[in-house]
file data.cif (mmCIF, C-alpha atoms and all ligand atoms)
data_coords
loop_
_atom_site.label_atom_id
_atom_site.label_comp_id
_atom_site.auth_asym_id
_atom_site.auth_seq_id
_atom_site.Cartn_x
_atom_site.Cartn_y
_atom_site.Cartn_z
CA MET A 12 110.56 75.90 91.06
CA GLY A 13 108.07 77.93 93.13
CA ASN A 14 106.66 81.34 92.36
CA ARG A 15 109.52 83.77 91.54
CA ASN A 16 107.40 86.83 90.74
CA LEU A 17 109.79 89.15 92.62
CA GLU A 18 113.00 88.07 90.88
CA ASN A 19 115.44 91.03 90.70
CA LYS A 20 113.27 93.28 92.85
CA VAL A 21 114.89 95.27 95.65
CA ALA A 22 112.61 96.22 98.51
CA VAL A 23 112.59 98.23 101.71
CA VAL A 24 110.16 96.66 104.19
CA THR A 25 109.43 98.71 107.30
CA GLY A 26 108.53 96.75 110.41
CA GLY A 27 109.91 93.82 108.47
CA ALA A 28 111.36 91.88 111.41
CA SER A 29 108.20 90.35 112.85
CA GLY A 30 104.47 89.90 112.34
CA ILE A 31 103.13 90.57 108.85
CA GLY A 32 106.35 92.43 107.98
CA GLY A 33 108.45 89.38 108.93
CA ALA A 34 106.22 87.22 106.74
CA ILE A 35 106.64 89.69 103.87
CA THR A 36 110.43 89.62 104.25
CA ARG A 37 110.45 85.80 104.14
CA LEU A 38 108.06 85.48 101.23
CA PHE A 39 109.75 88.26 99.22
CA THR A 40 113.19 86.68 99.52
CA GLY A 41 111.71 83.27 98.71
CA ARG A 42 110.35 84.78 95.51
CA GLY A 43 113.66 86.27 94.43
CA ALA A 44 113.72 89.75 96.01
CA GLN A 45 116.47 91.37 98.07
CA VAL A 46 115.21 93.22 101.12
CA VAL A 47 116.32 95.96 103.49
CA VAL A 48 114.39 95.40 106.71
CA VAL A 49 113.88 98.41 108.98
CA ASP A 50 112.63 97.66 112.46
CA LEU A 51 113.03 98.68 116.10
CA GLN A 52 113.50 95.06 117.18
CA LYS A 53 117.23 94.35 116.98
CA GLU A 54 117.19 90.71 118.01
CA ALA A 55 114.35 89.65 115.73
CA GLY A 56 115.80 91.63 112.81
CA GLU A 57 119.28 90.18 113.19
CA ALA A 58 117.92 86.65 113.55
CA LEU A 59 115.87 87.04 110.37
CA ALA A 60 118.86 88.41 108.46
CA ARG A 61 121.03 85.49 109.64
CA ASP A 62 118.32 83.06 108.61
CA LEU A 63 117.76 84.51 105.16
CA GLY A 64 121.42 85.20 104.33
CA ASP A 65 122.71 87.68 101.76
CA ALA A 66 119.28 88.60 100.43
CA VAL A 67 118.48 90.57 103.61
CA VAL A 68 120.10 93.56 105.29
CA PHE A 69 118.74 94.55 108.68
CA LEU A 70 118.71 98.18 109.75
CA GLN A 71 117.66 98.93 113.29
CA GLY A 72 115.80 102.22 113.57
CA ASP A 73 112.62 104.11 114.24
CA VAL A 74 110.58 104.59 111.08
CA SER A 75 109.36 107.99 112.21
CA ASP A 76 112.92 109.34 111.96
CA TRP A 77 113.67 110.94 108.55
CA ALA A 78 117.32 109.93 108.81
CA VAL A 79 116.32 106.28 109.08
CA ALA A 80 114.29 106.52 105.86
CA ASP A 81 117.27 108.10 104.05
CA THR A 82 119.63 105.44 105.41
CA ALA A 83 117.29 102.63 104.34
CA VAL A 84 117.18 103.92 100.77
CA ALA A 85 120.95 104.45 100.67
CA THR A 86 121.50 100.93 102.05
CA ALA A 87 119.31 99.38 99.34
CA VAL A 88 121.30 101.17 96.64
CA GLU A 89 124.71 100.39 98.18
CA ARG A 90 124.01 96.73 98.88
CA PHE A 91 121.64 95.78 96.07
CA GLY A 92 122.16 98.49 93.41
CA LYS A 93 118.67 100.01 93.27
CA LEU A 94 115.30 100.35 94.98
CA ASP A 95 112.05 99.50 93.17
CA THR A 96 109.73 98.35 95.96
CA LEU A 97 108.70 100.07 99.18
CA VAL A 98 106.47 98.38 101.74
CA ASN A 99 105.34 100.72 104.53
CA ASN A 100 104.15 98.09 106.98
CA ALA A 101 105.38 99.34 110.39
CA SER A 102 102.96 101.01 112.74
CA ALA A 103 102.34 101.36 116.46
CA SER A 104 99.36 102.64 118.43
CA ARG A 105 97.52 102.44 121.75
CA GLN A 106 93.92 101.36 122.05
CA LYS A 107 91.77 103.54 124.31
CA PRO A 108 88.45 105.37 124.02
CA PHE A 109 88.75 108.56 121.96
CA ASP A 110 88.25 110.83 125.00
CA GLU A 111 91.11 109.11 126.84
CA GLN A 112 93.68 109.27 124.08
CA THR A 113 96.48 111.71 124.88
CA ASP A 114 98.59 113.83 122.56
CA ASP A 115 101.30 111.25 123.08
CA ASP A 116 98.97 108.46 121.90
CA TRP A 117 98.09 110.50 118.80
CA ARG A 118 101.74 111.26 118.13
CA LEU A 119 102.64 107.56 118.28
CA ALA A 120 99.96 106.54 115.75
CA LEU A 121 100.60 109.46 113.40
CA ASP A 122 104.42 109.39 113.61
CA THR A 123 104.81 105.64 113.05
CA GLY A 124 101.90 105.38 110.60
CA LEU A 125 101.25 108.50 108.54
CA PHE A 126 104.53 110.42 108.86
CA ALA A 127 106.76 107.36 108.52
CA THR A 128 104.86 106.38 105.36
CA ARG A 129 105.27 109.90 103.96
CA ASN A 130 108.96 110.08 104.91
CA PHE A 131 109.84 106.73 103.36
CA MET A 132 107.88 107.51 100.19
CA LEU A 133 109.67 110.82 99.73
CA ALA A 134 113.08 109.41 100.63
CA ALA A 135 112.56 106.58 98.12
CA LEU A 136 111.11 108.72 95.31
CA PRO A 137 114.35 109.51 93.42
CA GLU A 138 115.30 105.81 93.33
CA LEU A 139 111.77 104.65 92.52
CA LYS A 140 111.71 107.07 89.58
CA LYS A 141 114.97 105.66 88.24
CA ALA A 142 113.87 102.03 88.66
CA GLY A 143 110.99 102.06 86.17
CA GLY A 144 107.91 100.00 87.10
CA ALA A 145 108.28 100.64 90.83
CA SER A 146 105.67 99.81 93.45
CA VAL A 147 104.76 101.21 96.85
CA VAL A 148 102.53 99.16 99.15
CA ASN A 149 101.15 101.03 102.14
CA PHE A 150 99.10 99.65 105.00
CA GLY A 151 95.56 100.63 105.99
CA SER A 152 93.21 98.89 108.36
CA GLY A 153 89.67 97.65 108.69
CA ALA A 154 89.74 99.59 111.98
CA GLY A 155 89.89 102.80 109.97
CA LEU A 156 87.35 101.71 107.36
CA GLU A 157 84.87 100.60 109.99
CA GLY A 158 85.60 103.13 112.74
CA GLN A 159 86.47 100.48 115.28
CA ARG A 160 86.06 101.54 118.91
CA ASN A 161 89.21 102.49 120.89
CA GLN A 162 91.16 103.12 117.69
CA ALA A 163 90.67 106.87 117.12
CA SER A 164 94.31 107.84 116.54
CA TYR A 165 95.14 104.61 114.69
CA ALA A 166 92.04 104.80 112.48
CA ALA A 167 92.81 108.43 111.66
CA ALA A 168 96.42 107.59 110.74
CA LYS A 169 95.35 104.64 108.59
CA GLU A 170 92.68 106.59 106.68
CA ALA A 171 95.16 109.42 106.15
CA ILE A 172 97.55 106.87 104.63
CA ARG A 173 94.82 105.78 102.20
CA GLY A 174 94.18 109.39 101.17
CA LEU A 175 97.89 110.05 100.70
CA SER A 176 98.23 106.83 98.68
CA ARG A 177 95.47 107.85 96.25
CA VAL A 178 97.07 111.26 95.68
CA ALA A 179 100.52 109.70 95.16
CA ALA A 180 99.01 107.12 92.77
CA ASN A 181 97.69 109.97 90.63
CA GLU A 182 100.85 112.08 90.81
CA TRP A 183 103.43 109.30 90.48
CA ALA A 184 101.81 107.28 87.69
CA ALA A 185 103.74 109.60 85.37
CA TYR A 186 106.97 108.11 86.77
CA GLY A 187 105.75 104.52 86.42
CA ILE A 188 105.35 104.24 90.20
CA ARG A 189 102.26 102.43 91.47
CA VAL A 190 100.89 103.05 94.96
CA ASN A 191 98.40 100.68 96.56
CA VAL A 192 97.14 99.92 100.06
CA VAL A 193 96.61 96.59 101.79
CA CYS A 194 94.28 96.20 104.77
CA PRO A 195 95.16 92.88 106.38
CA MET A 196 93.68 90.79 109.10
CA ALA A 197 96.20 88.32 110.50
CA MET A 198 97.33 86.69 113.70
CA THR A 199 100.53 88.49 114.70
CA PRO A 200 102.18 89.43 118.01
CA GLY A 201 100.43 92.82 117.86
CA VAL A 202 97.04 91.19 117.39
CA VAL A 203 97.70 88.63 120.11
CA GLN A 204 98.40 91.51 122.53
CA TRP A 205 95.20 93.27 121.46
CA ALA A 206 93.17 90.07 121.76
CA GLU A 207 94.45 89.59 125.31
CA ALA A 208 93.70 93.19 126.28
CA ARG A 209 90.25 93.29 124.64
CA PRO A 210 88.92 89.75 124.32
CA GLU A 211 85.30 90.79 123.56
CA GLN A 212 86.42 93.03 120.72
CA TYR A 213 88.67 90.32 119.32
CA ALA A 214 85.85 87.74 119.44
CA GLN A 215 83.55 90.20 117.61
CA SER A 216 86.15 90.81 114.89
CA ALA A 217 86.84 87.10 114.39
CA ALA A 218 83.10 86.38 114.19
CA LYS A 219 82.81 88.89 111.33
CA VAL A 220 85.27 87.07 109.06
CA PRO A 221 83.31 85.03 106.51
CA MET A 222 86.28 82.69 106.14
CA GLY A 223 85.98 82.04 109.86
CA ARG A 224 89.50 82.85 111.02
CA PHE A 225 92.17 85.54 111.32
CA GLY A 226 94.64 85.11 108.47
CA ASP A 227 98.10 83.63 108.54
CA PRO A 228 100.68 86.38 107.82
CA GLU A 229 102.80 84.31 105.45
CA ARG A 230 100.16 82.24 103.66
CA ASP A 231 97.30 84.73 103.53
CA VAL A 232 98.66 88.29 103.58
CA ALA A 233 102.25 88.34 102.26
CA PRO A 234 101.28 86.82 98.86
CA ILE A 235 98.83 89.69 98.27
CA VAL A 236 101.56 92.22 99.06
CA ALA A 237 103.89 90.31 96.73
CA PHE A 238 101.31 90.46 93.94
CA LEU A 239 101.02 94.25 94.33
CA ALA A 240 104.81 94.58 94.34
CA SER A 241 105.19 92.39 91.25
CA ASP A 242 104.81 93.25 87.58
CA ASP A 243 101.66 91.10 87.56
CA ALA A 244 99.95 94.15 89.10
CA GLN A 245 101.45 96.61 86.61
CA TYR A 246 98.03 98.05 85.65
CA MET A 247 96.85 98.51 89.22
CA THR A 248 97.34 101.68 91.25
CA GLY A 249 95.51 103.79 93.82
CA GLN A 250 93.61 100.75 95.12
CA THR A 251 92.85 99.46 98.59
CA VAL A 252 93.01 95.68 98.71
CA MET A 253 91.40 93.81 101.58
CA ALA A 254 93.42 90.81 102.77
CA ASP A 255 90.94 89.93 105.47
CA GLY A 256 89.00 86.78 104.65
CA GLY A 257 86.09 88.87 103.36
CA ALA A 258 85.49 90.82 106.59
CA VAL A 259 85.15 94.18 104.77
CA LYS A 260 83.88 94.42 101.21
CA LEU A 261 84.85 97.68 99.57
CA ARG A 262 82.73 99.14 96.79
N1 LIG B 1 97.50 92.12 112.10
C1 LIG B 1 96.32 92.59 111.71
O1 LIG B 1 95.28 91.91 111.79
C2 LIG B 1 96.23 93.97 111.14
C3 LIG B 1 94.95 94.51 110.91
C4 LIG B 1 94.87 95.74 110.30
C5 LIG B 1 96.02 96.42 109.94
N2 LIG B 1 97.24 95.88 110.21
C6 LIG B 1 98.42 96.62 109.81
O2 LIG B 1 99.38 95.74 109.22
C7 LIG B 1 100.72 96.16 109.56
C8 LIG B 1 101.47 95.04 110.26
O3 LIG B 1 100.70 94.63 111.38
P1 LIG B 1 101.24 93.57 112.45
O4 LIG B 1 100.03 93.02 113.10
O5 LIG B 1 102.24 92.68 111.81
O6 LIG B 1 101.96 94.54 113.50
P2 LIG B 1 102.96 94.14 114.70
O7 LIG B 1 102.71 95.14 115.75
O8 LIG B 1 102.83 92.69 115.02
O9 LIG B 1 104.39 94.37 114.02
C9 LIG B 1 104.78 95.64 113.63
C10 LIG B 1 106.26 95.64 113.31
O10 LIG B 1 106.66 97.00 113.16
C11 LIG B 1 107.74 97.26 114.05
N3 LIG B 1 107.66 98.65 114.50
C12 LIG B 1 106.71 99.21 115.30
N4 LIG B 1 106.98 100.50 115.50
C13 LIG B 1 108.13 100.78 114.83
C14 LIG B 1 108.93 101.93 114.66
N5 LIG B 1 108.59 103.10 115.24
N6 LIG B 1 110.03 101.84 113.89
C15 LIG B 1 110.40 100.67 113.32
N7 LIG B 1 109.68 99.54 113.45
C16 LIG B 1 108.56 99.59 114.20
C17 LIG B 1 107.60 96.29 115.18
O11 LIG B 1 108.83 96.08 115.86
C18 LIG B 1 107.10 95.04 114.45
O12 LIG B 1 108.17 94.29 113.92
C19 LIG B 1 100.54 97.42 110.40
O13 LIG B 1 100.58 98.55 109.58
C20 LIG B 1 99.15 97.25 110.99
O14 LIG B 1 98.57 98.46 111.37
C21 LIG B 1 97.37 94.67 110.82
#

call {"tool": "encode", "arguments": {"input": "data.cif", "output": "structure tokens", "more": "lines below"}}
Ligand SMILES: NC(=O)c1ccc[n+]([C@@H]2O[C@H](COP(=O)([O-])OP(=O)(O)OC[C@H]3O[C@@H](n4cnc5c(N)ncnc54)[C@H](O)[C@@H]3O)[C@@H](O)[C@H]2O)c1
result
Amino acid sequence: MGNRNLENKVAVVTGGASGIGGAITRLFTGRGAQVVVVDLQKEAGEALARDLGDAVVFLQGDVSDWAVADTAVATAVERFGKLDTLVNNASASRQKPFDEQTDDDWRLALDTGLFATRNFMLAALPELKKAGGASVVNFGSGAGLEGQRNQASYAAAKEAIRGLSRVAANEWAAYGIRVNVVCPMAMTPGVVQWAEARPEQYAQSAAKVPMGRFGDPERDVAPIVAFLASDDAQYMTGQTVMADGGAVKLR
């Protein structure tokens, strides 16, 4: 039998229909978890749910909408009896120089990144408290850590998520809730789009990875998220974990 380190866990995974989120949904269910997937993409979400059977419920919705966060939590409890794992993976942004980014660009990055993360954390809190040994995994980015060009609103949202995660780690440790951040680097539809739009920047990023490649969402990134969600990481909170082939080394 393979690794079953998420046996009996119930998770909400935002943006869980494709890309890294899709890989997380697959790996989590393969390791014994039941998952509520929240995503804008109806077709991809429904296909994934069909594929993975009873262990997955798909909820179409925009993560920046409070009501969607509440519905996701209620769905986890109704369908699977509890909620002990929250993965705030969804995010959207537009890449442009700082002085060209509009209020609308900023709203997109902050609403889908920072505010969605906050909303889902607060919506989940009562259930996470009840669960005992709960885990929240939020998503940062090397773009924020390194101040990557054309990513002003995205970098700001991602660094705000790291700040929020450290505060929540301190405040929620009393409830047995751990909060950590993963900064991935993986080949996903979002990255493919970015690579096509900005080939020089993509080539520079790839050249900076000591392991010589962008990661694979399912083999390289999802297992790190699974570790943080599992009881194996029970003494780990408030951390940022780089899942990026060594591109950024935090100290
Ligand atoms: N891929 C990378 O190399 C990389 C690097 C750094 C950080 N990240 C972060 O990792 C996470 C996943 O990245 P990815 O490359 O898989 O992204 P992606 O763009 O490929 O996929 C994001 C998923 O979120 C969904 N989504 C987007 N906006 C939504 C909304 N408003 N409501 C509901 N669902 C929404 C999309 O439909 C999609 O399924 C993101 O937080 C991203 O910022 C990724």

call {"tool": "residues_near_ligand", "arguments": {"input": "data.cif", "ligand": "ligand LIG 1 (chain B)", "cutoff": "9 Å", "atoms": "all atoms listed in the file", "output": "PyMOL selection string"}}
result
chain A and resi 25-34+49-53+55-56+71-76+99-104+119+122-124+127+149-155+165+169+193-204+225-226+228+255

call {"tool": "axis_aligned_box", "arguments": {"input": "data.cif", "around": "region 100-119 of chain A", "padding_each_side": "5 Å", "output": "AutoDock Vina command-line options"}}
result
--center_x 96.8 --center_y 106.0 --center_z 116.9 --size_x 27.1 --size_y 25.7 --size_z 29.9

call {"tool": "closest_residue", "arguments": {"input": "data.cif", "among": "A:Ala179, A:Val21, A:Met253, A:Ala258", "to": "Val88 (chain A)", "atoms": "only C-alpha atoms"}}
result
A:Val21

call {"tool": "residues_around", "arguments": {"input": "data.cif", "residues": "Gly249 (chain A)", "least_positions_apart": "2", "cutoff": "6 Å", "atoms": "only C-alpha atoms", "output": "VMD selection string"}}
result
chain A and resid 177 180 190 to 191

call {"tool": "atom_distance", "arguments": {"input": "data.cif", "atom1": "CA of Asn130 (chain A)", "atom2": "CA of Arg230 (chain A)"}}
result
29.2 Å

call {"tool": "atom_distance", "arguments": {"input": "data.cif", "atom1": "CA of Gln162 (chain A)", "atom2": "CA of Tyr213 (chain A)"}}
result
13.1 Å

call {"tool": "atom_distance", "arguments": {"input": "data.cif", "atom1": "CA of Lys93 (chain A)", "atom2": "CA of Lys141 (chain A)"}}
result
8.4 Å

call {"tool": "residues_near_point", "arguments": {"input": "data.cif", "point": "(101.3, 107.2, 91.2)", "cutoff": "12 Å", "atoms": "only C-alpha atoms", "output": "PyMOL selection string"}}
result
chain A and resi 132+136+139-140+144-148+175-191+245-250

call {"tool": "closest_residue", "arguments": {"input": "data.cif", "among": "A:Glu54, A:Glu211, A:Asp81, A:Glu229", "to": "Arg160 (chain A)", "atoms": "only C-alpha atoms"}}
result
A:Glu211

call {"tool": "decode", "arguments": {"input": "data.cif", "residues": "region 184-213 of chain A", "atoms": "N, CA and C atoms", "output": "PDB file, in the first residue's frame"}}
result
ATOM      1  N   ALA A 184      -2.308  28.501  17.366  1.00  0.00           N
ATOM      2  CA  ALA A 184      -1.619  27.338  17.955  1.00  0.00           C
ATOM      3  C   ALA A 184      -2.385  26.865  19.194  1.00  0.00           C
ATOM      4  N   ALA A 185      -2.996  27.814  19.888  1.00  0.00           N
ATOM      5  CA  ALA A 185      -3.764  27.475  21.098  1.00  0.00           C
ATOM      6  C   ALA A 185      -4.929  26.531  20.781  1.00  0.00           C
ATOM      7  N   TYR A 186      -5.408  26.560  19.545  1.00  0.00           N
ATOM      8  CA  TYR A 186      -6.521  25.682  19.146  1.00  0.00           C
ATOM      9  C   TYR A 186      -6.006  24.413  18.454  1.00  0.00           C
ATOM     10  N   GLY A 187      -4.701  24.225  18.434  1.00  0.00           N
ATOM     11  CA  GLY A 187      -4.139  23.053  17.745  1.00  0.00           C
ATOM     12  C   GLY A 187      -4.186  23.189  16.231  1.00  0.00           C
ATOM     13  N   ILE A 188      -4.298  24.434  15.747  1.00  0.00           N
ATOM     14  CA  ILE A 188      -4.347  24.651  14.289  1.00  0.00           C
ATOM     15  C   ILE A 188      -2.980  25.163  13.829  1.00  0.00           C
ATOM     16  N   ARG A 189      -2.382  24.459  12.893  1.00  0.00           N
ATOM     17  CA  ARG A 189      -1.104  24.892  12.320  1.00  0.00           C
ATOM     18  C   ARG A 189      -1.356  25.666  11.027  1.00  0.00           C
ATOM     19  N   VAL A 190      -0.510  26.659  10.776  1.00  0.00           N
ATOM     20  CA  VAL A 190      -0.656  27.459   9.547  1.00  0.00           C
ATOM     21  C   VAL A 190       0.724  27.614   8.907  1.00  0.00           C
ATOM     22  N   ASN A 191       0.879  27.073   7.726  1.00  0.00           N
ATOM     23  CA  ASN A 191       2.159  27.167   7.017  1.00  0.00           C
ATOM     24  C   ASN A 191       1.938  27.665   5.591  1.00  0.00           C
ATOM     25  N   VAL A 192       3.023  28.034   4.950  1.00  0.00           N
ATOM     26  CA  VAL A 192       2.961  28.574   3.583  1.00  0.00           C
ATOM     27  C   VAL A 192       3.888  27.761   2.680  1.00  0.00           C
ATOM     28  N   VAL A 193       3.404  27.464   1.495  1.00  0.00           N
ATOM     29  CA  VAL A 193       4.243  26.817   0.479  1.00  0.00           C
ATOM     30  C   VAL A 193       4.461  27.802  -0.669  1.00  0.00           C
ATOM     31  N   CYS A 194       5.695  27.926  -1.110  1.00  0.00           N
ATOM     32  CA  CYS A 194       6.012  28.694  -2.323  1.00  0.00           C
ATOM     33  C   CYS A 194       6.491  27.706  -3.383  1.00  0.00           C
ATOM     34  N   PRO A 195       5.640  27.423  -4.350  1.00  0.00           N
ATOM     35  CA  PRO A 195       5.998  26.383  -5.324  1.00  0.00           C
ATOM     36  C   PRO A 195       6.647  26.960  -6.576  1.00  0.00           C
ATOM     37  N   MET A 196       7.192  26.071  -7.352  1.00  0.00           N
ATOM     38  CA  MET A 196       7.586  26.433  -8.713  1.00  0.00           C
ATOM     39  C   MET A 196       7.274  25.201  -9.554  1.00  0.00           C
ATOM     40  N   ALA A 197       6.237  25.305 -10.392  1.00  0.00           N
ATOM     41  CA  ALA A 197       5.811  24.107 -11.124  1.00  0.00           C
ATOM     42  C   ALA A 197       5.172  24.473 -12.450  1.00  0.00           C
ATOM     43  N   MET A 198       5.275  23.591 -13.369  1.00  0.00           N
ATOM     44  CA  MET A 198       4.739  23.773 -14.717  1.00  0.00           C
ATOM     45  C   MET A 198       3.229  23.532 -14.700  1.00  0.00           C
ATOM     46  N   THR A 199       2.466  24.585 -14.771  1.00  0.00           N
ATOM     47  CA  THR A 199       1.003  24.486 -14.742  1.00  0.00           C
ATOM     48  C   THR A 199       0.447  25.355 -15.866  1.00  0.00           C
ATOM     49  N   PRO A 200      -0.867  25.271 -16.136  1.00  0.00           N
ATOM     50  CA  PRO A 200      -1.417  26.108 -17.210  1.00  0.00           C
ATOM     51  C   PRO A 200      -1.121  27.594 -16.998  1.00  0.00           C
ATOM     52  N   GLY A 201      -1.189  28.050 -15.756  1.00  0.00           N
ATOM     53  CA  GLY A 201      -0.891  29.457 -15.454  1.00  0.00           C
ATOM     54  C   GLY A 201       0.540  29.813 -15.826  1.00  0.00           C
ATOM     55  N   VAL A 202       1.468  28.929 -15.517  1.00  0.00           N
ATOM     56  CA  VAL A 202       2.880  29.180 -15.807  1.00  0.00           C
ATOM     57  C   VAL A 202       3.138  29.096 -17.311  1.00  0.00           C
ATOM     58  N   VAL A 203       2.464  28.172 -17.970  1.00  0.00           N
ATOM     59  CA  VAL A 203       2.630  28.057 -19.423  1.00  0.00           C
ATOM     60  C   VAL A 203       2.209  29.377 -20.095  1.00  0.00           C
ATOM     61  N   GLN A 204       1.088  29.926 -19.638  1.00  0.00           N
ATOM     62  CA  GLN A 204       0.609  31.219 -20.177  1.00  0.00           C
ATOM     63  C   GLN A 204       1.648  32.314 -19.976  1.00  0.00           C
ATOM     64  N   TRP A 205       2.176  32.357 -18.729  1.00  0.00           N
ATOM     65  CA  TRP A 205       3.183  33.370 -18.384  1.00  0.00           C
ATOM     66  C   TRP A 205       4.446  33.182 -19.222  1.00  0.00           C
ATOM     67  N   ALA A 206       4.856  31.941 -19.401  1.00  0.00           N
ATOM     68  CA  ALA A 206       6.067  31.648 -20.173  1.00  0.00           C
ATOM     69  C   ALA A 206       5.892  32.092 -21.627  1.00  0.00           C
ATOM     70  N   GLU A 207       4.663  31.936 -22.139  1.00  0.00           N
ATOM     71  CA  GLU A 207       4.415  32.356 -23.524  1.00  0.00           C
ATOM     72  C   GLU A 207       4.403  33.876 -23.640  1.00  0.00           C
ATOM     73  N   ALA A 208       3.847  34.537 -22.620  1.00  0.00           N
ATOM     74  CA  ALA A 208       3.756  35.999 -22.656  1.00  0.00           C
ATOM     75  C   ALA A 208       5.113  36.650 -22.399  1.00  0.00           C
ATOM     76  N   ARG A 209       5.929  36.042 -21.557  1.00  0.00           N
ATOM     77  CA  ARG A 209       7.210  36.647 -21.158  1.00  0.00           C
ATOM     78  C   ARG A 209       8.330  35.616 -21.219  1.00  0.00           C
ATOM     79  N   PRO A 210       8.703  35.215 -22.438  1.00  0.00           N
ATOM     80  CA  PRO A 210       9.671  34.118 -22.566  1.00  0.00           C
ATOM     81  C   PRO A 210      11.033  34.409 -21.917  1.00  0.00           C
ATOM     82  N   GLU A 211      11.486  35.679 -21.972  1.00  0.00           N
ATOM     83  CA  GLU A 211      12.818  35.980 -21.386  1.00  0.00           C
ATOM     84  C   GLU A 211      12.758  35.770 -19.875  1.00  0.00           C
ATOM     85  N   GLN A 212      11.650  36.233 -19.287  1.00  0.00           N
ATOM     86  CA  GLN A 212      11.541  36.126 -17.829  1.00  0.00           C
ATOM     87  C   GLN A 212      11.448  34.650 -17.409  1.00  0.00           C
ATOM     88  N   TYR A 213      10.722  33.879 -18.195  1.00  0.00           N
ATOM     89  CA  TYR A 213      10.591  32.452 -17.900  1.00  0.00           C
ATOM     90  C   TYR A 213      11.957  31.767 -17.976  1.00  0.00           C
TER      91      TYR A 213
END
